[in-house]
Amino acid sequence: TTYLYDPSTKNWTIIDSMNHARGEHTVSLLNNGKFLITGGLSNGNFLTSTELYDPSNETWTTTGDMNDPRGEHMASVLINGKVLLSGGYGNDHWLNTAELYDPSTEIWTITGSMNSARSQHTSSLLTNGMVLVTGGHIRSDALNSAELYDPSTETWKNIDSMNSTRSEHTASLLMNGKVLVTGGFHNNALNSAELYDPLTELWTITTMIGGFEHNALNSAELYDPVTETWTIIDNMNVARGEHTTSVLTNGKILVAGGSPGGTSLKDVELYSLF
């Protein structure tokens with residue numbers, strides 16, 4: 001099932017369903033305005049199928065299949081408009097492979113493989129056009145390694161590792177070009193955060209919205225890149241983890257779904273800074 005949210009009316013409408021039911025997939029907004037959905041898990045099987053959603057006519061169409069079935073992978077839209085998929089899990093093993101999708105041809109091609117297999121990592125497009133991949137896990141082991149993908153050479157290189165091993169964390173590109181990595185899991189939930197500087201390719205520890213700490217949380221915090229400090233803000237109305245957050249064009253933040261632990265939520269909340 002697919003839903004469309006209208007910020008002007010604050011209403012959800014049901015639109016056409018995807019061609020394949022899937023979870024643990026990725027969604028990417030392409031430069032042509034369409035959305036690319038890739039892979040994921042369906043009925044216990046990892047998928048190679050991908051789909052395009054066209055907002056102009058609210059329809060789904062199938063597009064080229066990936067080379068590897070995968071879920072729990074990550075996707076980044078490159079400056080040239082292509083989509084880079086990295087890692088994930090499929091066919092009973094963790095993946096270090098990566099693929100490129102070309103929207104003009106709707107074809108996937110294999111690109112350079114990462115140095116480490118990983119799933120539930122992060123993938124961030126930097127202002128210099130490279131892609132930063134951080135953390136994740138292989139089997140039950142969380143990772144602190146990080147890699148850079150160079151689209152001009154289609155190769156990966158290892159860079160300075162994070163200070164903490166972490167999986168299922170978040171990574172946010174700041175306006176100053178640095179990347180803020182927060183939270184995640186390593187045996188237990190983490191409240192640590194660190195900054196990656198693309199100029200030095202180094203990590204520094206900095207002084208966290210929802211998530212799990214044995215139980216789901218409703219707490220939220222605001223990070224100031226100027227002072228590199230966190231402040232506590234109003235709690236969410238519902239405790240949740242594994243949810244999504246989206247910045248709307250009106251500046252508000254939409255928090256949707258997730259789980260308080262054991263069940264799934266359909267609750268949605270809006271947060272406004274001003």
# chains A, B, ... in the order shown; residues from 1 in each chain; ligands from 1
>>> residues_around(residues="range 37-54 of chain A", least_positions_apart="6", cutoff="9 Å", atoms="only C-alpha atoms", output="ChimeraX atom specification")
/A:18-28,60-73,75,85,89-91
>>> write_last_selection(atoms="N, CA and C atoms", output="PDB file, in the first residue's frame")
ATOM      1  N   MET A  18       2.401  -0.345  -5.276  1.00  0.00           N
ATOM      2  CA  MET A  18       3.563  -0.794  -6.024  1.00  0.00           C
ATOM      3  C   MET A  18       3.265  -2.124  -6.698  1.00  0.00           C
ATOM      4  N   ASN A  19       4.057  -2.458  -7.682  1.00  0.00           N
ATOM      5  CA  ASN A  19       3.878  -3.730  -8.378  1.00  0.00           C
ATOM      6  C   ASN A  19       4.287  -4.916  -7.514  1.00  0.00           C
ATOM      7  N   HIS A  20       5.207  -4.679  -6.554  1.00  0.00           N
ATOM      8  CA  HIS A  20       5.671  -5.739  -5.675  1.00  0.00           C
ATOM      9  C   HIS A  20       5.626  -5.248  -4.231  1.00  0.00           C
ATOM     10  N   ALA A  21       5.051  -6.066  -3.343  1.00  0.00           N
ATOM     11  CA  ALA A  21       5.130  -5.775  -1.913  1.00  0.00           C
ATOM     12  C   ALA A  21       6.591  -5.910  -1.483  1.00  0.00           C
ATOM     13  N   ARG A  22       7.059  -4.990  -0.632  1.00  0.00           N
ATOM     14  CA  ARG A  22       8.463  -5.035  -0.233  1.00  0.00           C
ATOM     15  C   ARG A  22       8.687  -4.250   1.059  1.00  0.00           C
ATOM     16  N   GLY A  23       9.665  -4.677   1.811  1.00  0.00           N
ATOM     17  CA  GLY A  23      10.157  -3.962   2.974  1.00  0.00           C
ATOM     18  C   GLY A  23      11.672  -3.949   2.931  1.00  0.00           C
ATOM     19  N   GLU A  24      12.283  -3.104   3.776  1.00  0.00           N
ATOM     20  CA  GLU A  24      13.745  -2.993   3.829  1.00  0.00           C
ATOM     21  C   GLU A  24      14.321  -2.576   2.477  1.00  0.00           C
ATOM     22  N   HIS A  25      13.549  -1.773   1.715  1.00  0.00           N
ATOM     23  CA  HIS A  25      13.965  -1.274   0.413  1.00  0.00           C
ATOM     24  C   HIS A  25      14.479   0.161   0.560  1.00  0.00           C
ATOM     25  N   THR A  26      14.803   0.804  -0.551  1.00  0.00           N
ATOM     26  CA  THR A  26      15.187   2.213  -0.544  1.00  0.00           C
ATOM     27  C   THR A  26      14.255   3.007  -1.459  1.00  0.00           C
ATOM     28  N   VAL A  27      14.148   4.292  -1.174  1.00  0.00           N
ATOM     29  CA  VAL A  27      13.371   5.226  -1.992  1.00  0.00           C
ATOM     30  C   VAL A  27      14.253   6.433  -2.284  1.00  0.00           C
ATOM     31  N   SER A  28      14.395   6.788  -3.556  1.00  0.00           N
ATOM     32  CA  SER A  28      15.247   7.914  -3.948  1.00  0.00           C
ATOM     33  C   SER A  28      14.499   8.850  -4.886  1.00  0.00           C
ATOM     34  N   TRP A  60       2.823   3.734 -10.991  1.00  0.00           N
ATOM     35  CA  TRP A  60       4.056   2.971 -10.827  1.00  0.00           C
ATOM     36  C   TRP A  60       4.364   2.212 -12.112  1.00  0.00           C
ATOM     37  N   THR A  61       5.631   2.164 -12.477  1.00  0.00           N
ATOM     38  CA  THR A  61       6.073   1.335 -13.598  1.00  0.00           C
ATOM     39  C   THR A  61       7.324   0.579 -13.180  1.00  0.00           C
ATOM     40  N   THR A  62       7.470  -0.642 -13.654  1.00  0.00           N
ATOM     41  CA  THR A  62       8.682  -1.400 -13.367  1.00  0.00           C
ATOM     42  C   THR A  62       9.818  -0.854 -14.222  1.00  0.00           C
ATOM     43  N   THR A  63      11.021  -0.934 -13.689  1.00  0.00           N
ATOM     44  CA  THR A  63      12.203  -0.512 -14.429  1.00  0.00           C
ATOM     45  C   THR A  63      13.239  -1.619 -14.315  1.00  0.00           C
ATOM     46  N   GLY A  64      14.456  -1.386 -14.776  1.00  0.00           N
ATOM     47  CA  GLY A  64      15.448  -2.451 -14.856  1.00  0.00           C
ATOM     48  C   GLY A  64      15.723  -3.127 -13.523  1.00  0.00           C
ATOM     49  N   ASP A  65      15.976  -4.443 -13.553  1.00  0.00           N
ATOM     50  CA  ASP A  65      16.315  -5.198 -12.352  1.00  0.00           C
ATOM     51  C   ASP A  65      17.764  -4.946 -11.949  1.00  0.00           C
ATOM     52  N   MET A  66      18.007  -4.959 -10.647  1.00  0.00           N
ATOM     53  CA  MET A  66      19.366  -4.900 -10.136  1.00  0.00           C
ATOM     54  C   MET A  66      20.108  -6.196 -10.469  1.00  0.00           C
ATOM     55  N   ASN A  67      21.423  -6.142 -10.353  1.00  0.00           N
ATOM     56  CA  ASN A  67      22.220  -7.344 -10.597  1.00  0.00           C
ATOM     57  C   ASN A  67      22.201  -8.303  -9.414  1.00  0.00           C
ATOM     58  N   ASP A  68      22.077  -7.761  -8.194  1.00  0.00           N
ATOM     59  CA  ASP A  68      22.056  -8.586  -6.986  1.00  0.00           C
ATOM     60  C   ASP A  68      20.763  -8.347  -6.220  1.00  0.00           C
ATOM     61  N   PRO A  69      20.109  -9.418  -5.730  1.00  0.00           N
ATOM     62  CA  PRO A  69      18.995  -9.213  -4.811  1.00  0.00           C
ATOM     63  C   PRO A  69      19.547  -8.664  -3.500  1.00  0.00           C
ATOM     64  N   ARG A  70      18.854  -7.679  -2.924  1.00  0.00           N
ATOM     65  CA  ARG A  70      19.366  -7.088  -1.693  1.00  0.00           C
ATOM     66  C   ARG A  70      18.281  -6.341  -0.935  1.00  0.00           C
ATOM     67  N   GLY A  71      18.437  -6.309   0.375  1.00  0.00           N
ATOM     68  CA  GLY A  71      17.648  -5.494   1.274  1.00  0.00           C
ATOM     69  C   GLY A  71      18.578  -4.926   2.330  1.00  0.00           C
ATOM     70  N   GLU A  72      18.080  -3.962   3.121  1.00  0.00           N
ATOM     71  CA  GLU A  72      18.903  -3.303   4.136  1.00  0.00           C
ATOM     72  C   GLU A  72      20.118  -2.632   3.507  1.00  0.00           C
ATOM     73  N   HIS A  73      20.012  -2.261   2.224  1.00  0.00           N
ATOM     74  CA  HIS A  73      21.082  -1.566   1.529  1.00  0.00           C
ATOM     75  C   HIS A  73      20.847  -0.060   1.638  1.00  0.00           C
ATOM     76  N   ALA A  75      21.035   3.860  -0.668  1.00  0.00           N
ATOM     77  CA  ALA A  75      21.029   4.484  -1.992  1.00  0.00           C
ATOM     78  C   ALA A  75      21.357   5.968  -1.866  1.00  0.00           C
ATOM     79  N   LEU A  85      23.764   2.282  -5.362  1.00  0.00           N
ATOM     80  CA  LEU A  85      23.344   1.353  -4.316  1.00  0.00           C
ATOM     81  C   LEU A  85      24.567   0.680  -3.738  1.00  0.00           C
ATOM     82  N   TYR A  89      21.981  -6.986   2.346  1.00  0.00           N
ATOM     83  CA  TYR A  89      21.980  -8.429   2.605  1.00  0.00           C
ATOM     84  C   TYR A  89      21.121  -9.117   1.551  1.00  0.00           C
ATOM     85  N   GLY A  90      21.585 -10.261   1.067  1.00  0.00           N
ATOM     86  CA  GLY A  90      20.819 -11.015   0.080  1.00  0.00           C
ATOM     87  C   GLY A  90      21.442 -12.369  -0.179  1.00  0.00           C
ATOM     88  N   ASN A  91      20.598 -13.338  -0.494  1.00  0.00           N
ATOM     89  CA  ASN A  91      21.077 -14.700  -0.777  1.00  0.00           C
ATOM     90  C   ASN A  91      21.956 -15.245   0.343  1.00  0.00           C
TER      91      ASN A  91
END
>>> residues_around(residues="range 253-261 of chain A", least_positions_apart="4", cutoff="12 Å", atoms="only C-alpha atoms", output="MDAnalysis selection string")
chainID A and resid 3 5:7 10 12 209:218 220 236:249 265:274
>>> select_by_dssp(residues="range 154-268 of chain A", states="strand (DSSP E or B)", output="PyMOL selection string")
chain A and resi 155-159+166-167+170-173+179-182+185-186+188-189+193-197+202-206+212-213+215-217+220-224+229-233+240-241+244-247+253-256+259+268
>>> residues_around(residues="Ser161 in chain A", least_positions_apart="5", cutoff="12 Å", atoms="only C-alpha atoms", output="NGL selection string")
:A and (132-135 or 143-148 or 166 or 194-196 or 201-204)
>>> atom_distance(atom1="CA of Trp156 in chain A", atom2="CA of Gly81 in chain A")
19.0 Å
>>> residues_around(residues="range 224-229 of chain A", least_positions_apart="2", cutoff="10 Å", atoms="only C-alpha atoms", output="list in words")
Leu174, Met175, Asn176, Lys178, Leu180, Glu194, Leu195, Ile205, Thr206, Thr207, Glu221, Leu222 and Thr231 of chain A
